[in-house]
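Chemist: As input, take data.csv (CSV, C-alpha atoms and all ligand atoms):
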chain,number,residue,atom,x,y,z
R,142,MET,CA,7.6,6.1,-30.4
R,143,ASN,CA,5.9,7.4,-27.3
R,144,ASN,CA,8.5,6.8,-24.6
R,145,LYS,CA,6.1,8.0,-22.0
R,146,LYS,CA,5.1,4.8,-20.3
R,147,GLY,CA,1.3,4.1,-19.7
R,148,LYS,CA,-0.6,4.8,-16.5
R,149,ILE,CA,0.1,2.3,-13.7
R,150,LEU,CA,-2.6,1.7,-11.1
R,151,VAL,CA,-1.3,1.1,-7.6
R,152,THR,CA,-4.0,-0.1,-5.2
R,153,GLY,CA,-3.0,0.4,-1.5
R,154,GLY,CA,-0.5,2.9,-2.8
R,155,LEU,CA,-0.4,5.0,0.4
R,156,GLY,CA,0.5,1.9,2.4
R,157,PHE,CA,3.9,0.8,3.6
R,158,ILE,CA,5.1,-1.2,0.6
R,159,GLY,CA,2.8,0.6,-1.9
R,160,SER,CA,4.2,4.0,-1.2
R,161,HIS,CA,7.8,2.9,-1.6
R,162,THR,CA,6.8,1.2,-4.9
R,163,VAL,CA,5.1,4.4,-6.1
R,164,VAL,CA,8.4,6.3,-5.5
R,165,GLU,CA,10.3,3.7,-7.6
R,166,LEU,CA,7.7,3.7,-10.4
R,167,GLN,CA,7.9,7.5,-10.6
R,168,ASN,CA,11.7,7.3,-10.6
R,169,GLU,CA,11.4,5.0,-13.6
R,170,GLY,CA,9.2,7.5,-15.5
R,171,PHE,CA,5.8,5.7,-15.0
R,172,GLU,CA,2.7,7.8,-14.6
R,173,VAL,CA,1.0,6.5,-11.4
R,174,VAL,CA,-2.6,6.6,-10.1
R,175,ILE,CA,-3.2,5.4,-6.6
R,176,ILE,CA,-6.4,4.0,-5.2
R,177,ASP,CA,-6.5,3.8,-1.4
R,178,ASP,CA,-9.4,3.8,1.0
R,179,LEU,CA,-7.3,5.2,3.9
R,180,SER,CA,-8.5,2.5,6.2
R,181,ASN,CA,-4.9,1.6,7.2
R,182,SER,CA,-2.9,4.5,5.8
R,183,ARG,CA,-2.6,8.3,6.0
R,184,ILE,CA,-3.2,10.9,3.3
R,185,GLU,CA,0.1,12.6,4.4
R,186,VAL,CA,2.0,9.8,2.7
R,187,LEU,CA,1.0,11.4,-0.6
R,188,ASP,CA,3.0,14.5,0.4
R,189,GLY,CA,5.8,12.3,1.4
R,190,ILE,CA,6.0,10.6,-2.0
R,191,THR,CA,5.7,14.0,-3.8
R,192,SER,CA,8.5,15.5,-1.7
R,193,ILE,CA,10.8,12.6,-2.7
R,194,THR,CA,10.1,12.5,-6.4
R,195,GLY,CA,8.8,16.0,-7.1
R,196,VAL,CA,5.8,14.5,-8.9
R,197,LYS,CA,2.4,14.2,-7.1
R,198,PRO,CA,0.8,10.9,-8.1
R,199,ALA,CA,-2.9,11.0,-9.0
R,200,PHE,CA,-4.9,9.8,-6.0
R,201,VAL,CA,-8.5,8.4,-5.8
R,202,GLN,CA,-9.9,7.6,-2.4
R,203,LEU,CA,-12.1,4.6,-3.2
R,204,ASP,CA,-13.3,1.5,-1.4
R,205,LEU,CA,-12.6,-1.5,-3.7
R,206,LYS,CA,-15.4,-3.3,-1.9
R,207,SER,CA,-17.8,-1.2,-4.0
R,208,LYS,CA,-18.2,-2.9,-7.4
R,209,SER,CA,-19.8,0.2,-9.0
R,210,LEU,CA,-16.9,2.4,-7.8
R,211,VAL,CA,-14.3,0.0,-9.2
R,212,THR,CA,-16.3,-0.1,-12.5
R,213,GLY,CA,-16.5,3.7,-12.7
R,214,PHE,CA,-12.7,4.0,-12.0
R,215,PHE,CA,-11.8,1.9,-15.0
R,216,GLU,CA,-14.2,3.8,-17.2
R,217,ASP,CA,-12.4,7.0,-16.2
R,218,HIS,CA,-8.8,5.8,-16.5
R,219,ASP,CA,-6.7,4.3,-19.2
R,220,ILE,CA,-4.6,1.8,-17.3
R,221,GLU,CA,-1.7,-0.3,-18.7
R,222,GLY,CA,-0.8,-2.3,-15.6
R,223,VAL,CA,-1.9,-2.8,-12.0
R,224,ILE,CA,0.1,-3.4,-8.9
R,225,HIS,CA,-2.3,-4.7,-6.3
R,226,PHE,CA,-1.3,-4.1,-2.7
R,227,ALA,CA,-4.7,-3.2,-1.1
R,228,ALA,CA,-5.6,-5.8,1.5
R,229,SER,CA,-5.9,-6.3,5.2
R,230,LYS,CA,-2.7,-7.9,6.5
R,231,ALA,CA,-2.7,-8.5,10.3
R,232,VAL,CA,-2.4,-12.2,10.9
R,233,GLY,CA,-3.8,-12.2,14.4
R,234,GLU,CA,-6.7,-9.9,13.5
R,235,SER,CA,-7.6,-12.2,10.6
R,236,VAL,CA,-8.1,-15.1,13.0
R,237,GLN,CA,-10.5,-13.0,15.0
R,238,GLU,CA,-12.3,-11.5,12.0
R,239,PRO,CA,-12.2,-14.0,9.1
R,240,LEU,CA,-15.1,-12.5,7.2
R,241,LYS,CA,-13.6,-9.0,7.2
R,242,TYR,CA,-10.5,-10.6,5.6
R,243,TYR,CA,-12.3,-12.7,3.0
R,244,GLU,CA,-14.4,-9.7,2.0
R,245,ASN,CA,-11.6,-7.2,2.0
R,246,ASN,CA,-9.0,-9.3,0.4
R,247,ILE,CA,-10.9,-11.6,-2.0
R,248,THR,CA,-14.1,-9.7,-3.0
R,249,THR,CA,-12.0,-6.7,-3.9
R,250,LEU,CA,-9.6,-8.8,-6.0
R,251,ILE,CA,-12.5,-10.3,-7.9
R,252,TYR,CA,-14.0,-6.8,-8.7
R,253,LEU,CA,-10.5,-5.6,-9.8
R,254,LEU,CA,-10.0,-8.7,-12.1
R,255,GLN,CA,-13.5,-8.3,-13.6
R,256,GLN,CA,-12.7,-4.7,-14.5
R,257,MET,CA,-9.2,-5.5,-15.8
R,258,THR,CA,-10.5,-8.2,-18.1
R,259,ALA,CA,-13.5,-6.1,-19.2
R,260,ASN,CA,-11.2,-3.2,-20.1
R,261,ARG,CA,-8.3,-5.4,-21.5
R,262,VAL,CA,-5.8,-4.3,-18.8
R,263,GLY,CA,-3.4,-7.2,-19.3
R,264,ASN,CA,-0.7,-6.8,-16.7
R,265,LEU,CA,-1.0,-7.5,-13.0
R,266,ILE,CA,1.5,-7.7,-10.2
R,267,PHE,CA,0.0,-9.3,-7.1
R,268,SER,CA,1.3,-8.8,-3.5
R,269,SER,CA,1.6,-12.3,-2.1
R,270,SER,CA,3.5,-13.6,0.9
R,271,CYS,CA,5.9,-16.4,2.0
R,272,THR,CA,3.1,-17.2,4.4
R,273,VAL,CA,1.7,-19.4,1.7
R,274,TYR,CA,4.5,-21.9,2.4
R,275,GLY,CA,3.7,-22.2,6.1
R,276,GLN,CA,6.7,-24.0,7.7
R,277,ALA,CA,8.5,-25.2,4.6
R,278,ASP,CA,10.0,-28.6,4.7
R,279,GLU,CA,13.3,-27.4,3.1
R,280,LEU,CA,15.3,-24.2,3.6
R,281,PRO,CA,16.0,-21.9,1.8
R,282,ILE,CA,12.5,-21.8,0.3
R,283,THR,CA,12.1,-22.1,-3.5
R,284,GLU,CA,9.0,-21.4,-5.5
R,285,LYS,CA,8.6,-25.1,-5.9
R,286,ALA,CA,8.1,-25.6,-2.2
R,287,SER,CA,4.6,-27.0,-1.4
R,288,ILE,CA,1.8,-24.7,-0.5
R,289,LYS,CA,0.8,-25.7,3.0
R,290,PRO,CA,-2.7,-25.4,4.5
R,291,ALA,CA,-2.9,-21.7,5.6
R,292,GLU,CA,-2.3,-21.1,9.3
R,293,SER,CA,-4.5,-18.0,9.3
R,294,PRO,CA,-7.4,-16.5,7.2
R,295,TYR,CA,-4.9,-13.8,6.1
R,296,GLY,CA,-2.5,-16.4,4.7
R,297,ASN,CA,-5.5,-18.2,3.2
R,298,THR,CA,-6.5,-15.0,1.3
R,299,LYS,CA,-3.1,-14.9,-0.3
R,300,GLN,CA,-3.3,-18.6,-1.4
R,301,ILE,CA,-6.9,-18.1,-2.7
R,302,GLY,CA,-5.9,-14.9,-4.3
R,303,GLU,CA,-3.1,-16.6,-6.3
R,304,GLU,CA,-5.5,-19.3,-7.4
R,305,ILE,CA,-8.2,-16.9,-8.5
R,306,ILE,CA,-5.6,-14.9,-10.6
R,307,LYS,CA,-4.2,-18.1,-12.1
R,308,ASP,CA,-7.6,-19.3,-13.2
R,309,THR,CA,-8.4,-15.8,-14.7
R,310,THR,CA,-5.1,-15.7,-16.7
R,311,ARG,CA,-6.0,-19.0,-18.3
R,312,VAL,CA,-9.1,-17.7,-20.1
R,313,ASN,CA,-8.3,-14.0,-20.5
R,314,ASP,CA,-5.7,-11.8,-22.1
R,315,LEU,CA,-4.1,-11.2,-18.7
R,316,SER,CA,-0.6,-12.0,-17.5
R,317,ALA,CA,0.3,-11.9,-13.8
R,318,ILE,CA,3.2,-12.1,-11.5
R,319,ALA,CA,2.8,-13.0,-7.8
R,320,LEU,CA,5.6,-11.7,-5.6
R,321,ARG,CA,5.8,-13.7,-2.4
R,322,TYR,CA,7.3,-11.3,0.1
R,323,PHE,CA,9.4,-12.4,3.0
R,324,ASN,CA,9.5,-9.8,5.9
R,325,PRO,CA,9.5,-6.2,4.6
R,326,ILE,CA,11.2,-3.7,7.0
R,327,GLY,CA,12.8,-0.3,7.0
R,328,GLY,CA,12.0,2.9,5.2
R,329,HIS,CA,13.1,5.3,2.5
R,330,ASP,CA,16.5,7.0,3.1
R,331,SER,CA,14.9,10.4,2.7
R,332,ILE,CA,13.0,9.7,5.9
R,333,LYS,CA,9.9,11.0,4.2
R,334,ILE,CA,8.0,7.7,4.1
R,335,GLY,CA,8.2,4.6,6.2
R,336,GLU,CA,6.2,2.0,8.1
R,337,LEU,CA,3.2,3.6,10.0
R,338,PRO,CA,1.7,0.9,12.1
R,339,ILE,CA,-1.7,2.1,13.5
R,340,GLY,CA,-2.1,1.0,17.2
R,341,VAL,CA,0.1,-1.6,18.9
R,342,PRO,CA,2.6,-3.0,16.3
R,343,GLN,CA,2.1,-6.6,15.5
R,344,ASN,CA,5.3,-6.9,13.6
R,345,LEU,CA,8.8,-7.1,15.1
R,346,ILE,CA,10.6,-4.1,13.7
R,347,PRO,CA,8.1,-1.4,14.5
R,348,PHE,CA,7.9,-2.9,18.0
R,349,VAL,CA,11.7,-2.7,18.3
R,350,THR,CA,11.9,0.9,17.2
R,351,GLN,CA,8.9,2.0,19.5
R,352,THR,CA,10.6,0.2,22.4
R,353,ALA,CA,13.9,1.9,21.7
R,354,ALA,CA,12.0,5.3,21.5
R,355,GLY,CA,10.5,4.6,24.9
R,356,ILE,CA,6.9,4.4,23.5
R,357,ARG,CA,6.8,0.7,24.6
R,358,LYS,CA,8.2,-0.5,27.9
R,359,GLU,CA,9.9,-3.5,26.6
R,360,LEU,CA,10.0,-6.0,23.7
R,361,SER,CA,8.5,-9.4,24.3
R,362,ILE,CA,10.5,-12.0,22.4
R,363,PHE,CA,8.0,-14.8,21.5
R,364,GLY,CA,9.9,-17.9,22.5
R,365,ASP,CA,13.6,-18.8,22.8
R,366,ASP,CA,13.0,-22.6,22.7
R,367,TYR,CA,12.9,-23.0,18.9
R,368,PRO,CA,15.3,-25.5,17.2
R,369,THR,CA,17.5,-22.7,16.0
R,370,PRO,CA,21.1,-21.7,16.9
R,371,ASP,CA,20.0,-19.1,19.6
R,372,GLY,CA,16.5,-20.6,20.2
R,373,THR,CA,14.6,-17.6,18.7
R,374,ALA,CA,12.7,-17.8,15.4
R,375,ILE,CA,14.3,-17.0,12.1
R,376,ARG,CA,13.0,-14.8,9.3
R,377,ASP,CA,14.2,-13.2,6.1
R,378,TYR,CA,14.1,-9.4,6.7
R,379,ILE,CA,14.2,-7.5,3.4
R,380,HIS,CA,14.6,-3.7,3.0
R,381,VAL,CA,11.3,-2.3,1.7
R,382,VAL,CA,13.2,-0.3,-1.0
R,383,ASP,CA,14.7,-3.5,-2.4
R,384,LEU,CA,11.3,-5.0,-2.3
R,385,ALA,CA,9.8,-2.0,-4.1
R,386,LYS,CA,12.4,-2.3,-6.8
R,387,ALA,CA,11.4,-6.0,-7.4
R,388,HIS,CA,7.9,-4.7,-8.4
R,389,ILE,CA,9.5,-2.5,-11.1
R,390,SER,CA,11.5,-5.5,-12.4
R,391,ALA,CA,8.4,-7.6,-12.5
R,392,LEU,CA,6.2,-4.9,-14.1
R,393,LYS,CA,8.9,-4.4,-16.9
R,394,ARG,CA,8.9,-8.2,-17.5
R,395,LEU,CA,5.2,-8.2,-18.2
R,396,LEU,CA,5.1,-4.9,-20.2
R,397,GLY,CA,8.0,-6.3,-22.3
R,398,LYS,CA,6.1,-9.6,-22.6
R,399,LYS,CA,9.2,-11.4,-21.3
R,400,ASN,CA,7.1,-13.7,-19.0
R,401,LYS,CA,7.3,-17.4,-19.8
R,402,GLU,CA,4.0,-18.3,-18.3
R,403,LYS,CA,0.6,-16.5,-18.1
R,404,MET,CA,1.2,-16.4,-14.3
R,405,GLU,CA,4.6,-16.5,-12.6
R,406,PHE,CA,5.6,-16.6,-8.9
R,407,PHE,CA,8.8,-15.2,-7.3
R,408,ASN,CA,10.1,-15.3,-3.8
R,409,ILE,CA,11.3,-11.9,-2.8
R,410,GLY,CA,13.7,-11.9,0.1
R,411,THR,CA,17.4,-11.5,0.9
R,412,GLY,CA,18.2,-15.2,1.0
R,413,LYS,CA,19.5,-14.7,4.5
R,414,GLY,CA,17.9,-15.8,7.7
R,415,SER,CA,18.1,-13.7,10.9
R,416,SER,CA,16.8,-14.7,14.3
R,417,VAL,CA,15.0,-12.3,16.6
R,418,LEU,CA,18.1,-12.0,18.8
R,419,ASP,CA,20.2,-11.4,15.6
R,420,VAL,CA,17.8,-8.4,15.0
R,421,VAL,CA,18.1,-7.1,18.5
R,422,ASN,CA,21.9,-7.3,18.4
R,423,ALA,CA,22.1,-5.7,14.9
R,424,PHE,CA,19.8,-2.9,16.1
R,425,LYS,CA,22.2,-2.2,19.0
R,426,LYS,CA,25.2,-2.3,16.7
R,427,VAL,CA,23.6,0.2,14.3
R,428,THR,CA,21.9,2.6,16.7
R,429,ASN,CA,23.8,2.0,19.9
R,430,VAL,CA,20.5,1.6,21.7
R,431,ALA,CA,20.2,-1.5,23.9
R,432,LEU,CA,16.6,-2.8,23.9
R,433,ASN,CA,14.7,-3.8,27.0
R,434,TYR,CA,13.4,-7.2,26.2
R,435,LYS,CA,12.0,-10.3,27.9
R,436,ILE,CA,11.6,-13.8,26.7
R,437,VAL,CA,7.9,-14.9,26.8
R,438,GLY,CA,6.0,-17.9,25.4
R,439,ARG,CA,5.8,-18.7,21.7
R,440,ARG,CA,3.1,-16.8,19.7
R,441,GLU,CA,0.3,-18.9,18.3
R,442,GLY,CA,0.8,-19.7,14.6
R,443,ASP,CA,4.4,-18.7,14.4
R,444,ILE,CA,6.7,-20.9,12.3
R,445,VAL,CA,10.3,-21.7,13.3
R,446,SER,CA,12.2,-20.5,10.3
R,447,ALA,CA,11.7,-19.0,6.8
R,448,TYR,CA,14.2,-17.5,4.4
R,449,ALA,CA,14.1,-17.3,0.6
R,450,ASP,CA,16.0,-19.0,-2.2
R,451,THR,CA,16.1,-15.9,-4.4
R,452,SER,CA,17.9,-17.5,-7.4
R,453,LEU,CA,14.7,-17.5,-9.6
R,454,ALA,CA,14.0,-13.8,-9.1
R,455,ASN,CA,17.7,-13.0,-9.5
R,456,LYS,CA,17.8,-14.8,-12.8
R,457,GLU,CA,14.4,-14.1,-14.3
R,458,LEU,CA,13.7,-10.6,-13.0
R,459,GLY,CA,17.4,-9.5,-13.1
R,460,TRP,CA,16.8,-8.3,-9.5
R,461,LYS,CA,18.6,-8.8,-6.3
R,462,THR,CA,18.8,-7.1,-2.9
R,463,LYS,CA,21.4,-4.4,-2.5
R,464,LEU,CA,20.6,-3.3,1.1
R,465,SER,CA,21.5,-5.0,4.4
R,466,LEU,CA,19.6,-5.8,7.6
R,467,GLU,CA,21.7,-3.0,9.2
R,468,ASP,CA,20.7,-0.5,6.5
R,469,ALA,CA,17.0,-1.4,7.0
R,470,LEU,CA,17.2,-1.2,10.8
R,471,ASN,CA,19.0,2.2,10.5
R,472,SER,CA,16.3,3.6,8.2
R,473,ALA,CA,13.6,2.2,10.5
R,474,TRP,CA,15.2,3.9,13.5
R,475,LYS,CA,15.6,7.3,11.7
R,476,TRP,CA,12.0,7.1,10.7
R,477,GLN,CA,10.9,6.3,14.3
R,478,LEU,CA,12.9,9.3,15.6
R,479,LYS,CA,11.0,11.5,13.2
R,480,GLN,CA,7.5,10.5,14.4
R,501,LIG,C1,8.7,-11.8,13.1
R,501,LIG,C2,9.4,-12.6,14.2
R,501,LIG,C3,7.9,-13.3,15.9
R,501,LIG,C4,6.8,-9.3,17.3
R,501,LIG,C5,3.9,-11.8,9.3
R,501,LIG,C6,3.1,-12.3,8.2
R,501,LIG,C7,3.7,-11.9,6.9
R,501,LIG,C8,3.9,-10.4,6.8
R,501,LIG,C9,4.8,-10.0,7.9
R,501,LIG,C10,2.1,-9.0,6.1
R,501,LIG,C11,8.6,-13.8,14.6
R,501,LIG,C12,8.9,-12.3,16.4
R,501,LIG,C13,7.4,-10.4,16.6
R,501,LIG,C14,7.1,-9.2,18.7
R,501,LIG,C15,8.6,-11.1,18.6
R,501,LIG,N1,2.6,-9.9,6.9
R,501,LIG,N2,8.2,-11.2,17.2
R,501,LIG,N3,8.0,-10.1,19.3
R,501,LIG,O1,5.0,-13.2,11.7
R,501,LIG,O2,7.2,-13.5,10.4
R,501,LIG,O3,5.2,-12.4,9.3
R,501,LIG,O4,4.2,-10.4,9.2
R,501,LIG,O5,2.6,-8.6,5.1
R,501,LIG,O6,2.9,-12.4,5.8
R,501,LIG,O7,3.1,-13.7,8.3
R,501,LIG,O8,6.4,-11.2,11.1
R,501,LIG,O9,7.2,-9.3,12.4
R,501,LIG,O10,5.2,-10.5,13.2
R,501,LIG,O11,7.4,-11.6,13.4
R,501,LIG,O12,9.3,-11.9,19.1
R,501,LIG,O13,6.7,-8.2,19.4
R,501,LIG,O14,9.5,-11.7,15.3
R,501,LIG,O15,7.6,-14.3,16.8
R,501,LIG,O16,9.5,-14.8,15.0
R,501,LIG,P1,5.9,-12.7,10.7
R,501,LIG,P2,6.5,-10.5,12.6
Taking this structure as input, can you express it in the form of structure tokens?
Ligand code: WQD

Modeler:
Amino acid sequence: MNNKKGKILVTGGLGFIGSHTVVELQNEGFEVVIIDDLSNSRIEVLDGITSITGVKPAFVQLDLKSKSLVTGFFEDHDIEGVIHFAASKAVGESVQEPLKYYENNITTLIYLLQQMTANRVGNLIFSSSCTVYGQADELPITEKASIKPAESPYGNTKQIGEEIIKDTTRVNDLSAIALRYFNPIGGHDSIKIGELPIGVPQNLIPFVTQTAAGIRKELSIFGDDYPTPDGTAIRDYIHVVDLAKAHISALKRLLGKKNKEKMEFFNIGTGKGSSVLDVVNAFKKVTNVALNYKIVGRREGDIVSAYADTSLANKELGWKTKLSLEDALNSAWKWQLKQ
């Protein structure tokens, strides 16, 4: 019995969540090949991964928007499963440039699925997002929560992507799991990989660490008039390493043919909600750095509160978070100090 597992393709594998997932795949003995177009990542991440695991993953710089390049890749590689991260992911930018988002997030998914089905690659893990729920009616959010009309083209590409995959699994020998991430933060404890926002950070944690490092003058807190205990918005911040491990659990479920449906959906969060001020206070507790911040108006499109009911993932994937908000903030700060 060949206990060497098959090759796993990780698209967007040099990105934030992708790189942390490649590390966990290699730790589990999988052979990994990364496709990344380096449009929102850096080639140095490949060295970071290699320095953690001692194994350099195969890397192909390739634009998934090229149907012929995607076809050629599958002709050259024998792939057993695919974890698909590659996509544009800035909510605000997607409002300004919708066609860039539909081309980069949907067309590429279609080319990938065409080649997977043509080459009988039967296992797909799809990077989805809690953003598909919009402002859920009930908290914590379960996978049965209704899918609300998307608030941004980015969120819409995740909803449409899930639908495209679902329809494809119905008529092909393809099983898929969509992991709906809550808010991924932090970095690997080796401080060799982490979040690398290019330009002014849109997300909270990189803005917090850059403010603490003096790169940004102060943090703007987008609204303190929400119907929450301290008035600031609540999210479910999950350590990126816990999130990466959820991909391994999901992949093993498909490879072991343990999935109960052709397509399954799991909320991947900690199950705990933290407000923006909770994060600011936790950051000070962990790093002893008090942040300069000011309260400004709400950000367009923000929801009040989102945190996951993780019982389905806990039960079916045999996965649960092990790291805390403080662990994640500590790792994010150590990573920032290294930049
Ligand atoms: C978190 C909270 C802000 C910045 C989005 C996408 C999601 C995923 C993560 C891609 C909110 C507040 C933020 C700042 C602030 N995207 N904030 N000042 O919007 O929950 O989720 O990014 O994978 O799919 O929807 O994350 O980090 O932008 O904001 O007060 O400078 O922090 O208002 O309450 P968000 P975020």

Chemist: Using only C-alpha atoms and all ligand atoms, which residues of chain R come within 6 Å of ligand LIG 501 (chain R), and what is the closest atom pair for each, with the distance in Å to one decimal? Give it as JSON lines, sorted by chain and residue number.

Modeler:
{"residue": "R:Lys230", "atom": "CA", "partner": "R:LIG501", "partner_atom": "C10", "distance": 4.9}
{"residue": "R:Ser270", "atom": "CA", "partner": "R:LIG501", "partner_atom": "O6", "distance": 5.1}
{"residue": "R:Thr272", "atom": "CA", "partner": "R:LIG501", "partner_atom": "O6", "distance": 5.0}
{"residue": "R:Asn324", "atom": "CA", "partner": "R:LIG501", "partner_atom": "C9", "distance": 5.1}
{"residue": "R:Gln343", "atom": "CA", "partner": "R:LIG501", "partner_atom": "O10", "distance": 5.5}
{"residue": "R:Asn344", "atom": "CA", "partner": "R:LIG501", "partner_atom": "O9", "distance": 3.3}
{"residue": "R:Leu345", "atom": "CA", "partner": "R:LIG501", "partner_atom": "C4", "distance": 3.7}
{"residue": "R:Phe348", "atom": "CA", "partner": "R:LIG501", "partner_atom": "O13", "distance": 5.6}
{"residue": "R:Leu360", "atom": "CA", "partner": "R:LIG501", "partner_atom": "O13", "distance": 5.8}
{"residue": "R:Ser361", "atom": "CA", "partner": "R:LIG501", "partner_atom": "N3", "distance": 5.1}
{"residue": "R:Ile362", "atom": "CA", "partner": "R:LIG501", "partner_atom": "O12", "distance": 3.5}
{"residue": "R:Phe363", "atom": "CA", "partner": "R:LIG501", "partner_atom": "O12", "distance": 4.0}
{"residue": "R:Ala374", "atom": "CA", "partner": "R:LIG501", "partner_atom": "O16", "distance": 4.4}
{"residue": "R:Val417", "atom": "CA", "partner": "R:LIG501", "partner_atom": "O14", "distance": 5.7}
{"residue": "R:Arg440", "atom": "CA", "partner": "R:LIG501", "partner_atom": "O15", "distance": 5.9}
{"residue": "R:Asp443", "atom": "CA", "partner": "R:LIG501", "partner_atom": "O15", "distance": 5.9}

Chemist: What is the distance between atom CA of R:Gly222 and atom CA of R:Thr191, in Å to one decimal?

Modeler: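 Atom CA of R:Thr191 lies at a distance of 21.1 Å from atom CA of R:Gly222.
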
Chemist: Would you pick out the contacts of R:Thr462 at 10 Å or less, using all atoms listed in the file, so that residues sharing its chain but fewer than 4 positions from it are not included, and give the list as a PyMOL selection string?

Modeler: chain R and resi 379-380+382-384+386-387+409-412+451+455

Chemist: Which residue, R:Leu478, R:Ala447, R:Ile436, R:Ile318, has the smallest gap to R:Leu280 when you use all atoms listed in the file?

Modeler: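 Nearest to R:Leu280: R:Ala447.
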
Chemist: Which is closest to R:Gly233 among R:Thr248, R:Glu292, R:Asn400, R:Asp188, if we use all atoms listed in the file?

Modeler: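 The answer is R:Glu292, which sits nearest to R:Gly233.
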
Chemist: Within 10 Å of (-10.1, -8.5, -6.1) (coordinates as in the file), grab all the protein and nucleic acid residues, counting only C-alpha atoms, and write them out as a list in words.

Modeler: Leu205, Lys206, Lys208, Val211, His225, Ala227, Ala228, Glu244, Asn245, Asn246, Ile247, Thr248, Thr249, Leu250, Ile251, Tyr252, Leu253, Leu254, Gln255, Gln256, Gly302, Ile305 and Ile306 of chain R

Chemist: Which is closer to R:Ile332 than all the others in R:Arg261, R:His161, R:Arg183, R:Lys475, using only C-alpha atoms?

Modeler: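 Going through R:Arg261, R:His161, R:Arg183, R:Lys475 one by one, the smallest distance to R:Ile332 is for R:Lys475.
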
Chemist: Hey, which of R:Ser182, R:Gln237, R:Ser192, R:Leu396 ends up closest to R:Leu265? Count only C-alpha atoms.

Modeler: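 Smallest separation from R:Leu265 among the options: R:Leu396.
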
Chemist: Could you tell me which of R:Leu187, R:Ile346, R:Ile149, R:Leu155 comes closest to R:Pro325 if we count all atoms listed in the file?

Modeler: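 Under the stated criterion, the closest residue is R:Ile346.
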
Chemist: Using Å and a single decimal, report how far atom CA of R:Glu467 sits from atom CA of R:Lys426.

Modeler: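 Distance reported for this atom pair: 8.3 Å.
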
Chemist: Between R:Ile389, R:Ala449, R:Leu470, R:Val381, which is the closest to R:Cys271 once you count all atoms listed in the file?

Modeler: R:Ala449

Chemist: Please, what distance in Å, to one decimal, runs between atom CA of R:Ser465 and atom CA of R:Thr373?

Modeler: 20.3 Å

Chemist: Can you pull out the residues contacting R:Glu185? Cut-off 10 Å, using only C-alpha atoms, and skip same-chain residues under 5 positions away; I want them as a list of chain:residue names.

Modeler: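 My list of contacting residues is R:Leu155, R:Ile190, R:Lys333, R:Ile334.
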
Chemist: I'd like the neighbourhood of R:Ala231 as a VMD selection string, where a residue qualifies if any of its atoms comes within 10 Å (using only C-alpha atoms), though same-chain residues fewer than 3 positions away should be ignored.

Modeler: chain R and resid 228 234 to 236 242 293 to 296 342 to 344

Chemist: Can you take the partial stretch 332-344 of chain R, add N, CA and C atoms, and return it as a compact mmCIF listing (two decimals), keeping the file's coordinate frame?

Modeler:
# COMPACT_ATOMS: atom_id res chain seq x y z
N ILE R 332 13.79 9.61 4.70
CA ILE R 332 13.00 9.70 5.90
C ILE R 332 11.68 10.42 5.73
N LYS R 333 11.18 10.37 4.50
CA LYS R 333 9.90 11.00 4.20
C LYS R 333 8.72 10.05 4.18
N ILE R 334 9.04 8.77 3.99
CA ILE R 334 8.00 7.70 4.10
C ILE R 334 8.65 6.52 4.82
N GLY R 335 7.76 5.74 5.44
CA GLY R 335 8.20 4.60 6.20
C GLY R 335 7.05 3.75 6.66
N GLU R 336 7.27 2.90 7.66
CA GLU R 336 6.20 2.00 8.10
C GLU R 336 5.37 2.81 9.19
N LEU R 337 4.07 2.81 9.02
CA LEU R 337 3.20 3.60 10.00
C LEU R 337 2.20 2.62 10.61
N PRO R 338 2.66 1.79 11.53
CA PRO R 338 1.70 0.90 12.10
C PRO R 338 0.66 1.70 12.95
N ILE R 339 -0.62 1.37 12.78
CA ILE R 339 -1.70 2.10 13.50
C ILE R 339 -2.00 1.23 14.74
N GLY R 340 -1.85 1.77 15.95
CA GLY R 340 -2.10 1.00 17.20
C GLY R 340 -0.86 0.23 17.59
N VAL R 341 -1.04 -0.79 18.42
CA VAL R 341 0.10 -1.60 18.90
C VAL R 341 0.69 -2.40 17.78
N PRO R 342 1.99 -2.23 17.48
CA PRO R 342 2.60 -3.00 16.30
C PRO R 342 2.49 -4.47 16.54
N GLN R 343 2.09 -5.17 15.49
CA GLN R 343 2.10 -6.60 15.50
C GLN R 343 3.46 -7.17 15.09
N ASN R 344 4.10 -6.40 14.18
CA ASN R 344 5.30 -6.90 13.60
C ASN R 344 6.56 -6.51 14.43
